[in-house]
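Structure record follows, encoded as structure tokens.
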Amino acid sequence: MFEPITQRRYLVPFKAARLPQQITDVLVIGGGVAGLRSAIASAENGAETLILTKDTIDQSNTWYAQGGIAAVLQPLDSIESHVRDTEIVGVGLCDDKAVRIVVEEGPKRVLELLQWGAHFDKKPDKPNELAFGLEGGHSFARIIHAYGDATGKELAQTLIRTVRSYESVRISEKSFVVDLITDNGPSASLGTGKCLGALAMIDGSLNVIWARQTILASGGAGQLYRESTNPKIATADGHAMAYRAGAILKDMEMVQFHPTTLYVAGSSRALITEAVRGEGAHLVDRNGYRFMKDYHPDLELAPRDVVSRAIVEQIRKTHFSHVYLDVRHLPTQQFRERFPQLAQLVDQFDIDVSKDLIPIHPATHYMIGGVEVDEMGRSSLDGLYAVGEASCSGLHGANRLASNSLLEGLAFGARAGADAAQRAKINRIDFPQNLEQRIPPSNKTELDVPDIKSSLRSVMWRNVGIERTADRLAETREIIAFWSRYVMDKSFLATTLGLETAMAGWELQNMLTACYLITAAAITRTESRGTHYRLDFPNRDDAHWLKHVSWQRPEETPRIQGLVPSP
């Protein structure tokens, strides 16, 4: 049924000897927090490093992150408290080792940013003169922000500035990575090969990038869904290319939905940071009723999955299209100074926060599942690391705790970059210049790529979103299988179609692959846990499902990994 996806190895035919070639010690795919921190660590350890970014380096989920960075930096806070908060929100699927790595190393990574010139919000009487905020799921105010709600931008600018200070780091922007290269060939058994770099479109030409070690930091998958906080580039390219190369992917059913995005007809969904609720904003329905007291004792500061489902249920109860964020009781000038980006956003729609409610609705936000990695970020495929949203480190379990994502990118990025650089020094291999991939021409009908993209995003939002059922998931699998027969058999060649059209085709092939994995995993997990909510299996089932669902090409059946200790 899914052979077009499970059997596809490369998206384009190529002959390495005839293509432009580059060689580097460490290749970093992606320019968000995880990729940039990896590149810094790689350069610090003496490796020649190449960063490839799909768009310009300022286009990443990191850049647009409004939330903060969680770190234990105050005397009354504790590592154990942050670990406990993370594992409670992760509802049984967190890897305790990964959690402790990130939480314990997090403070060092944050202090490093200060040394590199990051400007975080200040409060003179606090440690390092930093201002700390509270967000959902945290038992202590440990979240630091920059310029109110522009933490991601400040973090990205700091890391970009630091990366550019290293002569050993090259950055190639607007470079679309099509596939990872492995030495096992298209017909050899998978899981035993080695990653040797990547195929990438650079300056309009297909290039072979030979790398002694490769770090996948390609970001998230928000564009798989109609409603999303993610930029247009977040099309799960890294997840799909790692799957084609034979790496194991895990927890793909776990997609996090952010409860609060601005809901104005005709406009794109703009994130409204969780910190607004942390500052005291209320959620109310069309009748002005503060409904979160009906769903969770922590009210608006309940975990994101709880708040998102509560909003969906309240929308259903009130027969309306959305709910509202109420900040009218907060001091207006103080609110505008604390959240300048949000203030500018609502001004564009003539929303006066002193007297008007802010219309909001949940949207897809963060991909928890990804390439399975160990404590150094190494994947199951030799030579390939994965960090950030492209990875599944075990930190988040079934639901990500607010402001842990930037922290993960910093901690695992530093680890992966250093380890990759060390391995590159002893990995002096001869690259197979004769590597070749042939793909027979398709004899099937051409389909409209933009139309399928739009339809795919809509069906994922309806059927594989905040609420799921077996019949809707099965229907989605059938739809994906049908489209795949007419899309996955194609080779979208820039030489004949033009670069823009070819890239749209590659993105769609990646999206279909990732949607297949998410949907198949969601069908497999017959319980509700964290971000994965089944209306037909509404209860958490620890007796049968304290387990992970993982996938490896070309198998169509998942691997159910053994019991995970409950925190």
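In the structure tokens, each chain is lettered A, B, ... as it comes, each chain's residues begin at 1, and ligands are numbered from 1 in order of appearance.
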Hey, could you make a per-residue contact list for segment 161-212 of chain A against segment 12-28 of chain A with 7 Å as the cut-off, showing the nearest pair of atoms and its distance in Å to one decimal, counting only C-alpha atoms, sorted by chain and number, as a Markdown table?
| residue | atom | partner | partner_atom | distance |
| --- | --- | --- | --- | --- |
| A:Gly197 | CA | A:Leu27 | CA | 6.9 |
| A:Leu206 | CA | A:Leu19 | CA | 6.8 |
| A:Asn207 | CA | A:Pro20 | CA | 5.0 |
| A:Val208 | CA | A:Gln21 | CA | 4.8 |
| A:Ile209 | CA | A:Gln22 | CA | 4.9 |
| A:Trp210 | CA | A:Ile23 | CA | 4.7 |
| A:Ala211 | CA | A:Thr24 | CA | 5.0 |
| A:Arg212 | CA | A:Asp25 | CA | 5.1 |
Discussion item. List as a PyMOL selection string the protein and nucleic acid residues near segment 326-341 of chain A, meaning an atom at most 7 Å away when only C-alpha atoms are counted, but skip any in the same chain fewer than 2 places from it.
Written reply: chain A and resi 148-149+281-284+324+343-345+353-355+357-358
Fill in: Which of A:Gly288, A:Pro259, A:Pro359, A:Gly388 sits closest to His239 of chain A [using only C-alpha atoms]
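For His239 of chain A, the nearest of the candidates is A:Gly388.
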Worksheet entry | Surrounding residues of Ser165 of chain A excluding itself and chain neighbours under 6 positions, 12 Å, only C-alpha atoms, as a PyMOL selection string | chain A and resi 39-40+43-44+116+158-159+171
Just asking: which residues within segment 133-290 of chain A are strand (DSSP E) according to DSSP, as a compact mmCIF listing (two decimals) with N, CA and C atoms, in the first residue's frame?
# COMPACT_ATOMS: atom_id res chain seq x y z
N ILE A 143 11.93 30.95 33.64
CA ILE A 143 11.99 31.22 32.21
C ILE A 143 12.59 32.61 31.97
N ILE A 144 13.65 32.66 31.17
CA ILE A 144 14.23 33.96 30.81
C ILE A 144 13.78 34.32 29.39
N VAL A 169 34.13 28.03 9.77
CA VAL A 169 32.72 27.76 9.49
C VAL A 169 32.29 28.51 8.23
N ARG A 170 31.74 27.77 7.27
CA ARG A 170 31.14 28.37 6.07
C ARG A 170 29.63 28.25 6.17
N ILE A 171 28.93 29.24 5.66
CA ILE A 171 27.46 29.23 5.65
C ILE A 171 26.98 29.36 4.21
N SER A 172 26.16 28.42 3.79
CA SER A 172 25.58 28.46 2.45
C SER A 172 24.07 28.59 2.60
N PHE A 176 18.90 24.05 -0.70
CA PHE A 176 17.92 23.01 -0.41
C PHE A 176 18.59 21.65 -0.39
N VAL A 177 18.60 20.99 0.77
CA VAL A 177 19.17 19.66 0.88
C VAL A 177 18.11 18.66 0.43
N VAL A 178 18.42 17.92 -0.62
CA VAL A 178 17.46 16.99 -1.21
C VAL A 178 17.49 15.65 -0.49
N ASP A 179 18.68 15.15 -0.21
CA ASP A 179 18.81 13.83 0.41
C ASP A 179 20.14 13.68 1.12
N LEU A 180 20.15 12.78 2.08
CA LEU A 180 21.39 12.33 2.70
C LEU A 180 22.01 11.25 1.83
N ILE A 181 23.33 11.26 1.72
CA ILE A 181 24.04 10.25 0.94
C ILE A 181 24.54 9.16 1.87
N THR A 182 24.32 7.91 1.49
CA THR A 182 24.87 6.78 2.25
C THR A 182 25.68 5.89 1.33
N CYS A 195 26.36 7.36 6.73
CA CYS A 195 26.04 8.64 6.11
C CYS A 195 27.33 9.32 5.68
N LEU A 196 27.38 9.75 4.42
CA LEU A 196 28.59 10.35 3.86
C LEU A 196 28.39 11.81 3.48
N GLY A 197 27.26 12.40 3.85
CA GLY A 197 27.02 13.78 3.47
C GLY A 197 25.64 13.95 2.88
N ALA A 198 25.53 14.81 1.87
CA ALA A 198 24.20 15.14 1.35
C ALA A 198 24.27 15.61 -0.10
N LEU A 199 23.12 15.49 -0.78
CA LEU A 199 22.89 16.13 -2.07
C LEU A 199 22.14 17.43 -1.80
N ALA A 200 22.62 18.52 -2.37
CA ALA A 200 21.98 19.81 -2.10
C ALA A 200 21.98 20.70 -3.33
N MET A 201 20.89 21.43 -3.50
CA MET A 201 20.82 22.44 -4.56
C MET A 201 21.46 23.72 -4.04
N ILE A 202 22.59 24.09 -4.63
CA ILE A 202 23.32 25.28 -4.22
C ILE A 202 23.54 26.14 -5.46
N SER A 205 22.38 24.58 -8.77
CA SER A 205 22.97 23.33 -9.26
C SER A 205 22.98 22.27 -8.17
N LEU A 206 22.81 21.03 -8.57
CA LEU A 206 22.88 19.92 -7.61
C LEU A 206 24.34 19.66 -7.27
N ASN A 207 24.65 19.70 -5.97
CA ASN A 207 26.00 19.48 -5.47
C ASN A 207 26.05 18.22 -4.60
N VAL A 208 27.21 17.58 -4.60
CA VAL A 208 27.50 16.52 -3.64
C VAL A 208 28.34 17.13 -2.53
N ILE A 209 27.86 17.04 -1.31
CA ILE A 209 28.61 17.50 -0.15
C ILE A 209 29.10 16.27 0.59
N TRP A 210 30.38 15.97 0.46
CA TRP A 210 30.96 14.84 1.21
C TRP A 210 31.30 15.33 2.61
N ALA A 211 30.85 14.63 3.62
CA ALA A 211 31.10 15.03 5.00
C ALA A 211 31.51 13.82 5.83
N ARG A 212 32.52 14.01 6.66
CA ARG A 212 32.94 12.91 7.53
C ARG A 212 31.91 12.66 8.63
N GLN A 213 31.21 13.71 9.02
CA GLN A 213 30.09 13.59 9.97
C GLN A 213 29.01 14.59 9.54
N THR A 214 27.76 14.21 9.68
CA THR A 214 26.65 15.07 9.28
C THR A 214 25.71 15.26 10.46
N ILE A 215 25.31 16.52 10.70
CA ILE A 215 24.38 16.84 11.78
C ILE A 215 23.10 17.39 11.17
N LEU A 216 22.01 16.66 11.38
CA LEU A 216 20.71 17.07 10.86
C LEU A 216 20.02 17.97 11.89
N LEU A 249 13.20 6.44 13.16
CA LEU A 249 12.44 7.57 13.65
C LEU A 249 11.50 7.10 14.75
N LYS A 250 11.25 7.96 15.73
CA LYS A 250 10.51 7.54 16.92
C LYS A 250 9.49 8.60 17.34
N VAL A 255 2.74 15.22 18.10
CA VAL A 255 2.80 16.55 17.50
C VAL A 255 2.14 17.52 18.48
N GLN A 256 2.87 18.57 18.86
CA GLN A 256 2.33 19.49 19.85
C GLN A 256 1.59 20.66 19.19
N PHE A 257 0.43 20.96 19.74
CA PHE A 257 -0.38 22.06 19.26
C PHE A 257 -0.36 23.18 20.30
N HIS A 258 -0.07 24.40 19.83
CA HIS A 258 -0.02 25.53 20.75
C HIS A 258 -1.44 26.05 20.95
N PRO A 259 -1.83 26.30 22.20
CA PRO A 259 -3.22 26.69 22.47
C PRO A 259 -3.62 28.06 21.90
N THR A 260 -2.66 28.98 21.86
CA THR A 260 -3.05 30.37 21.58
C THR A 260 -2.34 30.95 20.37
N THR A 261 -3.04 31.00 19.24
CA THR A 261 -2.58 31.77 18.09
C THR A 261 -3.69 32.74 17.71
N LEU A 262 -3.31 33.90 17.23
CA LEU A 262 -4.29 34.92 16.86
C LEU A 262 -5.19 34.39 15.75
N ALA A 270 -0.67 33.73 13.93
CA ALA A 270 0.48 34.30 14.63
C ALA A 270 0.48 33.82 16.07
N LEU A 271 1.61 33.31 16.50
CA LEU A 271 1.74 32.78 17.86
C LEU A 271 1.55 33.88 18.91
N HIS A 282 -6.41 35.57 30.98
CA HIS A 282 -7.45 34.55 31.13
C HIS A 282 -7.94 34.08 29.77
N LEU A 283 -8.43 32.86 29.73
CA LEU A 283 -9.10 32.34 28.55
C LEU A 283 -10.60 32.37 28.81
N VAL A 284 -11.34 33.00 27.90
CA VAL A 284 -12.79 33.08 28.05
C VAL A 284 -13.46 32.69 26.74
Worksheet entry | Two-atom distance - atom CA of Asn287 of chain A, atom CA of His361 of chain A (Å) | 15.9 Å
Practice prompt. Taking the DSSP assignment computed from this structure's backbone, write out as number ranges by chain all residues of segment 225-381 of chain A that belong to alpha helix (DSSP H).
Written response: A: 237-245, 275-278, 304-318, 332-338, 340-348
Could you please take those selected residues and save N, CA and C atoms as a CSV table (one decimal), in the first residue's frame?
chain,number,residue,atom,x,y,z
A,237,ASP,N,11.4,18.2,6.0
A,237,ASP,CA,12.4,17.7,5.1
A,237,ASP,C,13.4,16.7,5.8
A,238,GLY,N,13.9,17.1,6.9
A,238,GLY,CA,14.9,16.3,7.6
A,238,GLY,C,14.4,15.0,8.1
A,239,HIS,N,13.1,15.0,8.6
A,239,HIS,CA,12.5,13.7,9.0
A,239,HIS,C,12.4,12.8,7.8
A,240,ALA,N,12.0,13.3,6.7
A,240,ALA,CA,11.8,12.4,5.5
A,240,ALA,C,13.1,12.0,4.9
A,241,MET,N,14.1,12.8,4.8
A,241,MET,CA,15.4,12.4,4.2
A,241,MET,C,16.1,11.4,5.1
A,242,ALA,N,16.0,11.6,6.5
A,242,ALA,CA,16.6,10.6,7.4
A,242,ALA,C,15.9,9.2,7.3
A,243,TYR,N,14.6,9.3,7.1
A,243,TYR,CA,13.8,8.0,6.9
A,243,TYR,C,14.3,7.3,5.6
A,244,ARG,N,14.4,8.1,4.5
A,244,ARG,CA,14.8,7.5,3.3
A,244,ARG,C,16.2,6.9,3.4
A,245,ALA,N,17.1,7.5,4.2
A,245,ALA,CA,18.5,7.0,4.3
A,245,ALA,C,18.6,5.8,5.3
A,275,ALA,N,3.8,33.0,27.7
A,275,ALA,CA,4.2,33.9,28.8
A,275,ALA,C,3.0,34.9,29.1
A,276,VAL,N,2.2,35.2,28.1
A,276,VAL,CA,1.0,36.1,28.3
A,276,VAL,C,0.1,35.5,29.4
A,277,ARG,N,-0.1,34.2,29.3
A,277,ARG,CA,-0.9,33.5,30.3
A,277,ARG,C,-0.1,33.5,31.7
A,278,GLY,N,1.2,33.3,31.5
A,278,GLY,CA,2.0,33.4,32.7
A,278,GLY,C,1.9,34.7,33.5
A,304,ARG,N,0.2,22.3,27.7
A,304,ARG,CA,-0.3,22.8,26.5
A,304,ARG,C,-1.4,21.8,25.9
A,305,ASP,N,-1.1,20.5,26.0
A,305,ASP,CA,-2.1,19.6,25.4
A,305,ASP,C,-3.5,19.7,26.1
A,306,VAL,N,-3.5,20.0,27.4
A,306,VAL,CA,-4.7,20.1,28.1
A,306,VAL,C,-5.4,21.4,27.7
A,307,VAL,N,-4.7,22.5,27.6
A,307,VAL,CA,-5.3,23.7,27.2
A,307,VAL,C,-5.8,23.7,25.8
A,308,SER,N,-5.1,23.1,24.9
A,308,SER,CA,-5.5,23.0,23.5
A,308,SER,C,-6.8,22.2,23.4
A,309,ARG,N,-6.9,21.1,24.1
A,309,ARG,CA,-8.1,20.3,24.0
A,309,ARG,C,-9.3,21.0,24.7
A,310,ALA,N,-9.0,21.7,25.8
A,310,ALA,CA,-10.1,22.4,26.5
A,310,ALA,C,-10.7,23.5,25.6
A,311,ILE,N,-9.8,24.2,24.8
A,311,ILE,CA,-10.3,25.2,23.9
A,311,ILE,C,-11.2,24.6,22.8
A,312,VAL,N,-10.7,23.4,22.2
A,312,VAL,CA,-11.5,22.7,21.2
A,312,VAL,C,-12.8,22.3,21.8
A,313,GLU,N,-12.9,21.8,23.0
A,313,GLU,CA,-14.1,21.4,23.6
A,313,GLU,C,-15.1,22.6,23.9
A,314,GLN,N,-14.5,23.7,24.3
A,314,GLN,CA,-15.3,24.9,24.6
A,314,GLN,C,-15.9,25.5,23.3
A,315,ILE,N,-15.1,25.4,22.2
A,315,ILE,CA,-15.6,25.9,20.9
A,315,ILE,C,-16.8,25.0,20.5
A,316,ARG,N,-16.6,23.7,20.8
A,316,ARG,CA,-17.7,22.8,20.4
A,316,ARG,C,-19.0,23.1,21.3
A,317,LYS,N,-18.8,23.3,22.5
A,317,LYS,CA,-19.9,23.6,23.4
A,317,LYS,C,-20.6,24.9,23.1
A,318,THR,N,-19.9,25.9,22.7
A,318,THR,CA,-20.5,27.2,22.4
A,318,THR,C,-20.9,27.4,21.0
A,332,THR,N,-2.3,48.2,31.0
A,332,THR,CA,-2.1,48.2,29.5
A,332,THR,C,-0.7,48.6,29.1
A,333,GLN,N,-0.2,49.7,29.7
A,333,GLN,CA,1.2,50.1,29.3
A,333,GLN,C,2.2,49.0,29.7
A,334,GLN,N,2.0,48.4,30.9
A,334,GLN,CA,3.0,47.4,31.3
A,334,GLN,C,2.9,46.2,30.4
A,335,PHE,N,1.7,45.9,29.9
A,335,PHE,CA,1.5,44.7,29.0
A,335,PHE,C,2.2,45.0,27.7
A,336,ARG,N,2.0,46.2,27.2
A,336,ARG,CA,2.6,46.6,25.9
A,336,ARG,C,4.2,46.6,26.0
A,337,GLU,N,4.7,47.0,27.1
A,337,GLU,CA,6.1,47.0,27.3
A,337,GLU,C,6.7,45.5,27.4
A,338,ARG,N,5.9,44.7,28.1
A,338,ARG,CA,6.3,43.3,28.3
A,338,ARG,C,6.2,42.5,27.0
A,340,PRO,N,6.1,43.5,23.4
A,340,PRO,CA,6.0,44.5,22.3
A,340,PRO,C,5.6,43.9,20.9
A,341,GLN,N,6.0,42.7,20.6
A,341,GLN,CA,5.7,42.1,19.3
A,341,GLN,C,4.2,41.8,19.3
A,342,LEU,N,3.6,41.3,20.4
A,342,LEU,CA,2.2,41.1,20.4
A,342,LEU,C,1.4,42.4,20.3
A,343,ALA,N,1.9,43.4,21.0
A,343,ALA,CA,1.2,44.7,21.0
A,343,ALA,C,1.1,45.2,19.5
A,344,GLN,N,2.3,45.1,18.8
A,344,GLN,CA,2.3,45.5,17.4
A,344,GLN,C,1.4,44.7,16.6
A,345,LEU,N,1.3,43.4,16.9
A,345,LEU,CA,0.4,42.5,16.1
A,345,LEU,C,-1.1,42.9,16.3
A,346,VAL,N,-1.5,43.1,17.5
A,346,VAL,CA,-2.9,43.4,17.7
A,346,VAL,C,-3.3,44.7,17.2
A,347,ASP,N,-2.3,45.7,17.2
A,347,ASP,CA,-2.6,47.0,16.7
A,347,ASP,C,-2.9,46.9,15.2
A,348,GLN,N,-2.3,46.0,14.5
A,348,GLN,CA,-2.6,45.8,13.0
A,348,GLN,C,-4.0,45.5,12.8
Practice prompt. Go through A:Val99, A:Val549, A:Asp203, A:Arg534 and flag the residue nearest Gln561 of chain A, using only C-alpha atoms for the distances.
Written response: A:Val549
Item to complete: Select, from A:Ser528, A:Val33, A:Gly397, A:Lys174, the residue with the minimum atom-to-atom distance to Glu500 of chain A, counting only C-alpha atoms.
Response: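 Residue with the minimum atom-to-atom distance to Glu500 of chain A: A:Lys174.
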Discussion item. Excluding Arg109 of chain A and its own-chain neighbours fewer than 4 positions away, which residues fall within 9 Å of it when counting only C-alpha atoms? Please give them as a PyMOL selection string.
Written reply: chain A and resi 105+113+407+410-411+414
Restricted to C-alpha atoms, what would the selected residues look like written as an mmCIF file, in the first residue's frame?
data_model
loop_
_atom_site.group_PDB
_atom_site.id
_atom_site.type_symbol
_atom_site.label_atom_id
_atom_site.label_comp_id
_atom_site.auth_asym_id
_atom_site.auth_seq_id
_atom_site.Cartn_x
_atom_site.Cartn_y
_atom_site.Cartn_z
ATOM 1 C CA GLU A 105 23.737 21.461 31.325
ATOM 2 C CA LEU A 113 24.993 33.134 25.772
ATOM 3 C CA LEU A 407 17.251 24.668 25.893
ATOM 4 C CA LEU A 410 21.597 24.447 23.045
ATOM 5 C CA ALA A 411 22.439 21.375 25.150
ATOM 6 C CA ALA A 414 26.855 21.538 21.962
#
